[in-house]
Protein chains: 2
Amino acid sequence: MPKIKIDKESVIKEAAYMANTIGIENLSLKTLAAQLGVKSPSLYNHIDGFDDLKQQLMLYGWKELENRIIEAVIGLSGYDAIRAMCYAFHEYAIENQGVFSTMLWYNQFENEQMNEVTSKMFTIFFKVTKSLNISQDNCVHLVRMFRSFLEGFALLENHNAFGNTQLIKDSFELSITILIEGTKKLEGK
Amino acid sequence: MPKIKIDKESVIKEAAYMANTIGIENLSLKTLAAQLGVKSPSLYNHIDGFDDLKQQLMLYGWKELENRIIEAVIGLSGYDAIRAMCYAFHEYAIENQGVFSTMLWYNQFENEQMNEVTSKMFTIFFKVTKSLNISQDNCVHLVRMFRSFLEGFALLENHNAFGNTQLIKDSFELSITILIEGTKKLEGK
DNA sequence: TATTTTAACAAATCATATTAGTTTTGTCAA
DNA sequence: TTGACAAAACTAATATGATTTGTTAAAATA
């Protein structure tokens with residue numbers, strides 16, 4: 001019988017899948033290894049332990065999200081582009097709850113890779129806001145504002161912190177509208 | 001020599017202190033017990049395990065924050081009140097990082113106590129927005145928007161996800177201004 | 001084919017949470 | 001004052017999962 005073969009990519013992809021389906025809090029090296037058909041020590045040939053796995057998941061997620069955002073923004077500009085990016089962010093966060101939670105939690109690892117991957121993502125945002133005749137400083141503030149709102153909203157929604165499910169879409173829509181209206185006031189400043 | 005005596009309150013307070021100083025991820029029953037001068041099994045006379053402890057921390061935090069918010073809003077009304085509440089929220093979240101992270105993470109426990117304690121807090125917010133001649137539905141959306149932004153911003157700031165430290169206060173200030181300006185557009189709707 | 005590398009494995013170790021059962025301490029009623 | 005009792009500490013044991021170590025089999029390379 002041939003040995004089961006895994007590699008870094010399959011480990012991370014399976015971990016992402018499991019995190020999204022059974023929840024990040026139920027993901028362990030033991031269950032992940034079992035799912036892959038190996039024993040948990042074998043995972044150490046591909047990752048550097050449990051914390052490293054979660055960091056990999058975080059990087060994986062930011063890259064995936066970046067792709068989604070790039071796709072979403074194609075052919076759009078200005079406030080339409082901003083709105084589309086926000087919706088793409090939200091959609092990804094809701095559809096990939098497990099991975100998204102690592103993206104929230106493991107942004108504290110201030111290494112090269114991390115800064116690179118998130119800055120790359122928010123650079124797209126940044127470029128759009130700069131096209132709106134808003135000062136560089138204010139663009140930084142705006143990106144932070146949108147990012148804070150988007151991460152906070154998705155976190156709360158994923159944790160069922162909002163009551164009525166139906167109204168959540170309305171809340172998101174209205175919030176984005178308010179943020180964009182507010183942003184318009186910064187034009188020329 | 002008399003035995004060391006602890007009770008539920010001292011356990012939770014010490015846990016809160018430790019979470020805020022050494023970080024929630026370094027808090028364990030072992031270290032907490034050591035800090036209190038007892039052995040970890042003794043803690044089970046006062047709490048129901050580690051998960052319960054974190055849930056208690058979460059409740060403790062929301063109650064503390066509620067008090068801060070109430071204090072902050074005294075004598076103020078309308079948008080001044082909203083602004084003051086936002087600053088109080090931010091200040092608490094930054095000064096109590098460990099406890100705040102349990103408040104973010106453990107809002108998924110959808111039990112009575114939890115709903116009660118957060119709804120109580122956001123009811124204050126809610127009352128202020130209603131005084132602004134904004135429809136009930138839109139008040140719900142607004143509270144969610146502010147909450148999302150506030151939790152997201154503090155999460156990111158606490159995790160050093162923003163670069164330049166100095167500009168963070170400016171980002172917060174500008175963001176609140178934008179949110180409030182946007183809110184004004186809902187008056188009469 | 002012979003050698004080297006890769007990566008899976010079993011077994012052992014470590015850390016922490018948790019449980020079970022024992023002992024100490026203080027309280028309160030007889 | 002004393003003896004029963006309850007509360008809450010303790011020790012010892014168990015369970016689970018991460019991690020380390022050392023072994024081995026398969027695959028790759030020369």
# chains A, B, ... in the order shown; residues from 1 in each chain; ligands from 1
>>> residues_around(residues="B:Ala154", least_positions_apart="6", cutoff="8 Å", atoms="only C-alpha atoms (C1' of nucleotides)", output="list in words")
His90, Ala93 and Ile94 of chain B
>>> interface_residues(of="chain B", to="chain C", cutoff="10 Å", atoms="only C-alpha atoms (C1' of nucleotides)", output="mmCIF file with C-alpha atoms, in the first residue's frame")
data_model
loop_
_atom_site.group_PDB
_atom_site.id
_atom_site.type_symbol
_atom_site.label_atom_id
_atom_site.label_comp_id
_atom_site.auth_asym_id
_atom_site.auth_seq_id
_atom_site.Cartn_x
_atom_site.Cartn_y
_atom_site.Cartn_z
ATOM 1 C CA PRO B 2 -4.612 30.164 57.419
ATOM 2 C CA LYS B 3 -5.717 28.915 54.057
ATOM 3 C CA SER B 28 -4.523 29.939 31.880
ATOM 4 C CA LEU B 29 -6.091 28.422 34.955
ATOM 5 C CA LYS B 30 -2.615 27.439 36.032
ATOM 6 C CA SER B 40 -5.809 25.337 39.775
ATOM 7 C CA PRO B 41 -8.415 22.772 40.877
ATOM 8 C CA TYR B 44 -13.480 25.075 40.186
ATOM 9 C CA GLY B 49 -13.919 25.783 33.969
ATOM 10 C CA PHE B 50 -11.871 27.832 31.576
#
>>> interface_residues(of="chain D", to="chain B", cutoff="8 Å", atoms="only C-alpha atoms (C1' of nucleotides)", output="ChimeraX atom specification")
/D:8-10
>>> closest_atom_pairs(of="chain A", to="chain B", cutoff="10 Å", atoms="only C-alpha atoms", output="tab-separated table")
residue	atom	partner	partner_atom	distance
A:Ser101	CA	B:Trp105	CA	9.7
A:Leu104	CA	B:Leu156	CA	8.1
A:Trp105	CA	B:His159	CA	7.9
A:Tyr106	CA	B:His159	CA	8.3
A:Asn107	CA	B:Ala161	CA	6.2
A:Gln108	CA	B:His159	CA	4.8
A:Phe109	CA	B:His159	CA	8.5
A:Glu110	CA	B:Asn160	CA	8.0
A:Met114	CA	B:Ala161	CA	9.7
A:Asn115	CA	B:Ala161	CA	8.6
A:Thr118	CA	B:Ala161	CA	9.1
A:Asp137	CA	B:Leu167	CA	8.9
A:Asn138	CA	B:Ser171	CA	8.2
A:Cys139	CA	B:Ser171	CA	9.8
A:Val140	CA	B:Ser171	CA	7.8
A:His141	CA	B:Ser171	CA	4.6
A:Leu142	CA	B:Ser175	CA	7.3
A:Val143	CA	B:Ser171	CA	9.3
A:Arg144	CA	B:Ser171	CA	7.0
A:Met145	CA	B:Ser175	CA	5.7
A:Phe146	CA	B:Phe149	CA	8.2
A:Arg147	CA	B:Gly152	CA	7.7
A:Ser148	CA	B:Gly152	CA	4.3
A:Phe149	CA	B:Phe149	CA	4.0
A:Leu150	CA	B:Gly152	CA	7.5
A:Glu151	CA	B:Gly152	CA	5.5
A:Gly152	CA	B:Gly152	CA	3.9
A:Phe153	CA	B:Ser148	CA	4.6
A:Ala154	CA	B:Ser148	CA	8.1
A:Leu155	CA	B:Leu104	CA	8.1
A:Leu156	CA	B:Ser148	CA	7.1
A:Glu157	CA	B:Ser148	CA	9.4
A:Asn158	CA	B:Gln108	CA	8.6
A:His159	CA	B:Gln108	CA	4.9
A:Asn160	CA	B:Gln108	CA	6.1
A:Ala161	CA	B:Asn107	CA	6.2
A:Phe162	CA	B:Arg144	CA	7.8
A:Gly163	CA	B:Asn115	CA	9.3
A:Leu167	CA	B:His141	CA	8.3
A:Ile168	CA	B:His141	CA	8.1
A:Lys169	CA	B:His141	CA	9.7
A:Asp170	CA	B:His141	CA	7.5
A:Ser171	CA	B:His141	CA	4.6
A:Phe172	CA	B:Met145	CA	7.7
A:Glu173	CA	B:His141	CA	9.3
A:Leu174	CA	B:His141	CA	7.1
A:Ser175	CA	B:Met145	CA	5.8
A:Ile176	CA	B:Met145	CA	8.9
A:Thr177	CA	B:Gly182	CA	8.2
A:Ile178	CA	B:Gly182	CA	4.7
A:Leu179	CA	B:Leu179	CA	6.5
A:Ile180	CA	B:Gly182	CA	8.4
A:Glu181	CA	B:Gly182	CA	6.2
A:Gly182	CA	B:Ile178	CA	4.7
A:Thr183	CA	B:Ile178	CA	7.0
A:Lys184	CA	B:Ile178	CA	9.5
A:Lys185	CA	B:Ile178	CA	8.3
A:Leu186	CA	B:Ile178	CA	9.2
